[in-house]
Amino acid sequence: MIRVGVFLCWCGSNIASTVDLDRVQKAVEKLTNVVHVEQNKYTCSEPGQAQIVAGIREHNLDRVVVAACSPRMHEKTFQRTVAKAGLNPYLLEIANIREHCSWVHTSVEEATPKAIDLLRAAVAKVIRNTPLTTSTIPVEKRALVIGGGIAGIQAALDIADAGHQVVLVEKEPTIGGRMAQLDKTFPTLDCSACILTPKMVDAAQHPKIRLLTYAEIEEVGGYIGNFEVTIRKKARSVNEDVCTGCGICWSKCPSKAPNEFDCGLGERKAIYIPFPQAVPNKPVIDRENCRYFTKGKCGVCKKVCPAGAVDFEQEDELLRERFGAIVVATGYELFDHSVYGEYGYGKYPDVITGLEFERLINASGPTGGKLKRPSDGKIPKTVVFVKCVGSRDEAKGFPYCSRTCCMYTAKQAILLREKMPEAEAYVFYMDVRTPGKGYEEFYTRATEEFGVNYLRGRVARIYPKGDQLVVRGEDTLVGAQVEIEADLVVLATAMVARRDAAELAQRIGFSYDQYHFFTEAHPKLRPVETNTAGVFLAGACQGPKDIPDTVAQASAAAVKVAMLFSRDELETNPMVATVDEGTCSGCEWCKPTCPYGAIDIKTIEERVGKRTVSRRVATVNTGLCQGCGACTVACRSGAMNLKGFTNEQILAEVEAICL
């Protein structure tokens, strides 16, 4: 006879305040095969776990049900606990009577019967649980970091400093990301390039880091410890190994194009480096604007290059590499503020974004650090900053807060007043949020020391008046309409996910939210991991964050990678899909259903009478399978099953609830 023990957790008052656990205990004691039931205020605590071990040994239990919180929280904890008592860890079942019961009910009379039903189902399932064993897979101790901004650079440096090889892939011609475009950083007003450039150089010179700039991820296969990645290294039309970065080529190039690094406010040549401190400091040819590629003429850069590095015949190169872990640090984009037609961006040249302001005030920017109006080059005397453009706006933007806008607006207002003390700075805001060390003090400096005028209210309209712009809004603190005649308007645009974020997540095989930010495995306990083992997140690709939080998360992801690489072999998850080859019809419906690419089709040979017949059946790569169960639902013939959640176990739960 199978002997089941049930352990009821109070979870302090989380469960006990809504569920009558004494009634639950009396009901569960009557269930078939249940030989022991007891309660504990905190089952996940050390005394609570010791109580489970003692109960298993004292009552000779061979199955255990813990009625507590979500298995996402403590299933591993309780699996280790039952293993200490000599039980197979997969002979445990968690009944979630917190999130599924006590937290969603306010009435004891509603919650208690539901808790009994949940436990009845858990007992029915655990009776049919079978021992499962793990296997091991080797680990390739090389890491892939996707994205060369500050998050990717920090993660790569930390992994490399731990002694492991790293390939850092960046889609732009240089690493540095958004941080390279900034003038100063808050709250210390450090020069952004001054603190970023040394890290860029460290990454380029580190013996264990290989930079692949102007490259993109083409395909990702494999699984934790053994990812197979195809990288497209785009043709620069310049041989990096030969080029010395002397600059003669771009100084002689006759073709010009808008400079993306300066947000289109300045121009660059068709052969160029994005900015003076670019790493690698080797140029790339923009084929869309190069006369040689568009008209078949010119070729000046090749003629003047003393090293003979220009190569018009260069083509894209596909690199196939193997990695044990992947860190995704692809960063963010800025909200398309053109949807705010009333603000006139694109129509009025003196309405600019916060990032454009950074380039205009930067010493390496298109104006040499002298803030000038884009329309006529005049020095602005009155500047209005408009916050929450795209953030906290469900009608036109996104409901979430971008976290950095309040601070970078305060920083830009301070920089304006520092460089031009005679200029007036006005900030229209909804709320001021300063969630960081020294941030509140920084905001206070803006208002008290630098005299920045903050007006609480939204801007309704911006329109021209002479050579100025009238900003019409409200000041809710005084209850009055406000009109300010401004020389320059700066929009604090929201941070949004990259356009290709969803495509990249699908290519690698992890999830993303409704805004296309990448989803962590658990928001509190696993904030840098994804639901695909071996893939980690760093920086603003996971959600809006500032530089300190980005760097911290990058180092956290690096630690996870180093921890993974500390082992030569990894245990696999035994709760994976299996195929009954005798039942499988080879319809292949399961293959496109699998979100992890774990299912393939193979050919088997069978004896039918005197003949040998070939037949196609599904097969599961247990290294890739994450046990989601999608294939078992799609399988028409019922050949697919999931260890730990078999059809028999699920049906037993349903029958128990329906009693």
# chains A, B, ... in the order shown; residues from 1 in each chain; ligands from 1
>>> residues_around(residues="A:Asp62", least_positions_apart="4", cutoff="10 Å", atoms="only C-alpha atoms", output="list in words")
Met1, Ile2, Arg3, Val4, Gly5, Ile56, Arg57, Val82, Gly86, Leu87, Asn88, Leu91, Leu92, Val126 and Ile127 of chain A
>>> residues_around(residues="A:Ala652", least_positions_apart="3", cutoff="8 Å", atoms="only C-alpha atoms", output="mmCIF file with all heavy atoms, in the first residue's frame")
data_model
loop_
_atom_site.group_PDB
_atom_site.id
_atom_site.type_symbol
_atom_site.label_atom_id
_atom_site.label_comp_id
_atom_site.auth_asym_id
_atom_site.auth_seq_id
_atom_site.Cartn_x
_atom_site.Cartn_y
_atom_site.Cartn_z
ATOM 1 N N ALA A 121 -6.993 16.537 -5.169
ATOM 2 C CA ALA A 121 -6.360 16.347 -6.479
ATOM 3 C C ALA A 121 -4.874 16.029 -6.336
ATOM 4 O O ALA A 121 -4.337 15.158 -7.036
ATOM 5 C CB ALA A 121 -6.548 17.596 -7.333
ATOM 6 N N ALA A 124 -4.407 12.429 -5.229
ATOM 7 C CA ALA A 124 -4.692 11.510 -6.333
ATOM 8 C C ALA A 124 -3.533 11.450 -7.316
ATOM 9 O O ALA A 124 -3.202 10.381 -7.849
ATOM 10 C CB ALA A 124 -5.973 11.946 -7.047
ATOM 11 N N LYS A 125 -2.898 12.592 -7.556
ATOM 12 C CA LYS A 125 -1.767 12.617 -8.496
ATOM 13 C C LYS A 125 -0.521 11.989 -7.898
ATOM 14 O O LYS A 125 0.175 11.210 -8.546
ATOM 15 C CB LYS A 125 -1.462 14.051 -8.927
ATOM 16 C CG LYS A 125 -0.310 14.155 -9.920
ATOM 17 C CD LYS A 125 -0.089 15.572 -10.364
ATOM 18 C CE LYS A 125 1.010 15.650 -11.421
ATOM 19 N NZ LYS A 125 2.324 15.273 -10.889
ATOM 20 N N GLU A 648 -2.498 9.916 -17.266
ATOM 21 C CA GLU A 648 -3.108 9.206 -16.142
ATOM 22 C C GLU A 648 -3.123 10.084 -14.891
ATOM 23 O O GLU A 648 -4.126 10.142 -14.165
ATOM 24 C CB GLU A 648 -2.338 7.912 -15.865
ATOM 25 C CG GLU A 648 -2.924 7.096 -14.727
ATOM 26 C CD GLU A 648 -2.031 5.927 -14.324
ATOM 27 O OE1 GLU A 648 -0.848 5.912 -14.743
ATOM 28 O OE2 GLU A 648 -2.513 5.058 -13.580
ATOM 29 N N GLN A 649 -2.017 10.800 -14.650
ATOM 30 C CA GLN A 649 -1.936 11.653 -13.463
ATOM 31 C C GLN A 649 -2.902 12.833 -13.554
ATOM 32 O O GLN A 649 -3.585 13.174 -12.576
ATOM 33 C CB GLN A 649 -0.494 12.153 -13.291
ATOM 34 C CG GLN A 649 0.494 11.057 -12.897
ATOM 35 C CD GLN A 649 1.930 11.535 -13.001
ATOM 36 O OE1 GLN A 649 2.288 12.270 -13.917
ATOM 37 N NE2 GLN A 649 2.768 11.113 -12.063
ATOM 38 N N GLU A 655 -10.629 13.716 -11.852
ATOM 39 C CA GLU A 655 -11.637 12.844 -11.231
ATOM 40 C C GLU A 655 -11.771 13.145 -9.739
ATOM 41 O O GLU A 655 -12.878 13.145 -9.183
ATOM 42 C CB GLU A 655 -11.258 11.381 -11.451
ATOM 43 C CG GLU A 655 -11.427 10.927 -12.894
ATOM 44 C CD GLU A 655 -10.921 9.513 -13.106
ATOM 45 O OE1 GLU A 655 -10.482 8.885 -12.114
ATOM 46 O OE2 GLU A 655 -10.959 9.036 -14.252
ATOM 47 N N ALA A 656 -10.620 13.414 -9.072
ATOM 48 C CA ALA A 656 -10.656 13.693 -7.634
ATOM 49 C C ALA A 656 -11.417 14.983 -7.337
ATOM 50 O O ALA A 656 -12.177 15.071 -6.366
ATOM 51 C CB ALA A 656 -9.233 13.786 -7.084
#
>>> select_by_dssp(residues="stretch 223-463 of chain A", states="strand (DSSP E or B)", output="PyMOL selection string")
chain A and resi 223+226-233+238+256-258+267-269+271-272+284-285+310+317-323+325-328+333-334+345+348+351-353+382-389+424-429+453-456+459-463
>>> residues_around(residues="A:His206", least_positions_apart="6", cutoff="10 Å", atoms="only C-alpha atoms", output="MDAnalysis selection string")
chainID A and resid 156:157 160:161 165:166
>>> closest_residue(among="A:Val53, A:Cys658, A:Met73, A:Ile271", to="A:Val300", atoms="only C-alpha atoms")
A:Ile271
>>> residues_around(residues="stretch 237-239 of chain A", least_positions_apart="4", cutoff="12 Å", atoms="only C-alpha atoms", output="PyMOL selection string")
chain A and resi 173+214+233+243-245+249+270-273+281-287+290+292-293+299+301-302+305+307-317
>>> write_last_selection(atoms="C-alpha atoms", output="PDB file, in the first residue's frame")
ATOM      1  CA  PRO A 173      29.945  49.029 -36.188  1.00  0.00           C
ATOM      2  CA  TYR A 214      28.557  44.842 -37.302  1.00  0.00           C
ATOM      3  CA  LYS A 233      29.135  39.105 -39.768  1.00  0.00           C
ATOM      4  CA  CYS A 243      43.177  48.755 -41.440  1.00  0.00           C
ATOM      5  CA  THR A 244      45.160  51.034 -39.125  1.00  0.00           C
ATOM      6  CA  GLY A 245      42.322  53.515 -38.495  1.00  0.00           C
ATOM      7  CA  CYS A 249      39.709  57.378 -46.209  1.00  0.00           C
ATOM      8  CA  ALA A 270      29.876  57.250 -46.549  1.00  0.00           C
ATOM      9  CA  ILE A 271      32.947  55.564 -45.073  1.00  0.00           C
ATOM     10  CA  TYR A 272      33.038  56.410 -41.393  1.00  0.00           C
ATOM     11  CA  ILE A 273      33.488  55.555 -37.757  1.00  0.00           C
ATOM     12  CA  ASN A 281      38.331  52.186 -34.365  1.00  0.00           C
ATOM     13  CA  LYS A 282      37.986  50.850 -37.899  1.00  0.00           C
ATOM     14  CA  PRO A 283      35.636  52.369 -40.492  1.00  0.00           C
ATOM     15  CA  VAL A 284      32.693  50.791 -42.267  1.00  0.00           C
ATOM     16  CA  ILE A 285      31.286  51.678 -45.666  1.00  0.00           C
ATOM     17  CA  ASP A 286      27.617  52.642 -45.817  1.00  0.00           C
ATOM     18  CA  ARG A 287      26.782  50.980 -49.129  1.00  0.00           C
ATOM     19  CA  CYS A 290      28.508  55.166 -51.163  1.00  0.00           C
ATOM     20  CA  TYR A 292      30.853  53.253 -55.720  1.00  0.00           C
ATOM     21  CA  PHE A 293      27.960  50.975 -54.719  1.00  0.00           C
ATOM     22  CA  GLY A 299      36.452  54.524 -55.189  1.00  0.00           C
ATOM     23  CA  CYS A 301      38.769  55.674 -50.302  1.00  0.00           C
ATOM     24  CA  LYS A 302      40.403  52.635 -51.883  1.00  0.00           C
ATOM     25  CA  CYS A 305      44.144  53.975 -48.282  1.00  0.00           C
ATOM     26  CA  ALA A 307      47.244  50.001 -46.033  1.00  0.00           C
ATOM     27  CA  GLY A 308      45.076  48.721 -48.887  1.00  0.00           C
ATOM     28  CA  ALA A 309      42.328  47.849 -46.392  1.00  0.00           C
ATOM     29  CA  VAL A 310      39.291  48.899 -48.460  1.00  0.00           C
ATOM     30  CA  ASP A 311      37.676  45.855 -50.045  1.00  0.00           C
ATOM     31  CA  PHE A 312      34.604  46.516 -52.188  1.00  0.00           C
ATOM     32  CA  GLU A 313      34.219  42.793 -52.909  1.00  0.00           C
ATOM     33  CA  GLN A 314      33.880  41.783 -49.257  1.00  0.00           C
ATOM     34  CA  GLU A 315      30.724  39.777 -48.496  1.00  0.00           C
ATOM     35  CA  ASP A 316      28.763  38.789 -45.402  1.00  0.00           C
ATOM     36  CA  GLU A 317      30.250  35.887 -43.501  1.00  0.00           C
TER      37      GLU A 317
END
>>> closest_residue(among="A:Tyr90, A:Phe261, A:Tyr408, A:Phe442", to="A:Asp546", atoms="only C-alpha atoms")
A:Tyr408
>>> closest_residue(among="A:Pro276, A:Pro131, A:Gly55, A:Gly324", to="A:Glu228", atoms="only C-alpha atoms")
A:Gly324
>>> residues_around(residues="A:Gly176", least_positions_apart="6", cutoff="8 Å", atoms="only C-alpha atoms", output="list in words")
Gly148, Gly149, Ile150, Ile153, Leu196, Thr197, Met200, Ala278 and Val279 of chain A
>>> residues_around(residues="A:Gly177", least_positions_apart="2", cutoff="12 Å", atoms="only C-alpha atoms", output="JSON, numbers by chain")
{"A": [146, 147, 148, 149, 150, 151, 152, 153, 169, 170, 171, 172, 173, 174, 175, 179, 180, 181, 182, 192, 193, 196, 197, 200, 213, 261, 274, 275, 278, 279, 329, 330, 331, 332, 333, 539, 540, 547]}
>>> closest_residue(among="A:Trp10, A:Phe323, A:Phe518, A:Trp250", to="A:Val304", atoms="only C-alpha atoms")
A:Trp250
>>> atom_distance(atom1="atom CA of A:Ile195", atom2="atom CA of A:Ser402")
23.4 Å
>>> closest_residue(among="A:Ala538, A:Ile508, A:Met407, A:Ala27", to="A:Glu440", atoms="only C-alpha atoms")
A:Met407
>>> residues_around(residues="stretch 562-575 of chain A", least_positions_apart="2", cutoff="9 Å", atoms="only C-alpha atoms", output="number ranges by chain")
A: 132-142, 158-159, 162-164, 224-225, 324-325, 534, 557-560, 577, 622-623, 625-627, 642-645
>>> atom_distance(atom1="atom CA of A:Leu31", atom2="atom CA of A:Glu46")
28.1 Å
>>> select_by_dssp(residues="stretch 144-253 of chain A", states="alpha helix (DSSP H)", output="MDAnalysis selection string")
chainID A and resid 150:161 192:205 248:252
>>> closest_residue(among="A:Val65, A:Leu119, A:Leu504, A:Val6", to="A:Ile217", atoms="only C-alpha atoms")
A:Leu504
>>> atom_distance(atom1="atom CA of A:Met430", atom2="atom CA of A:Arg456")
5.7 Å
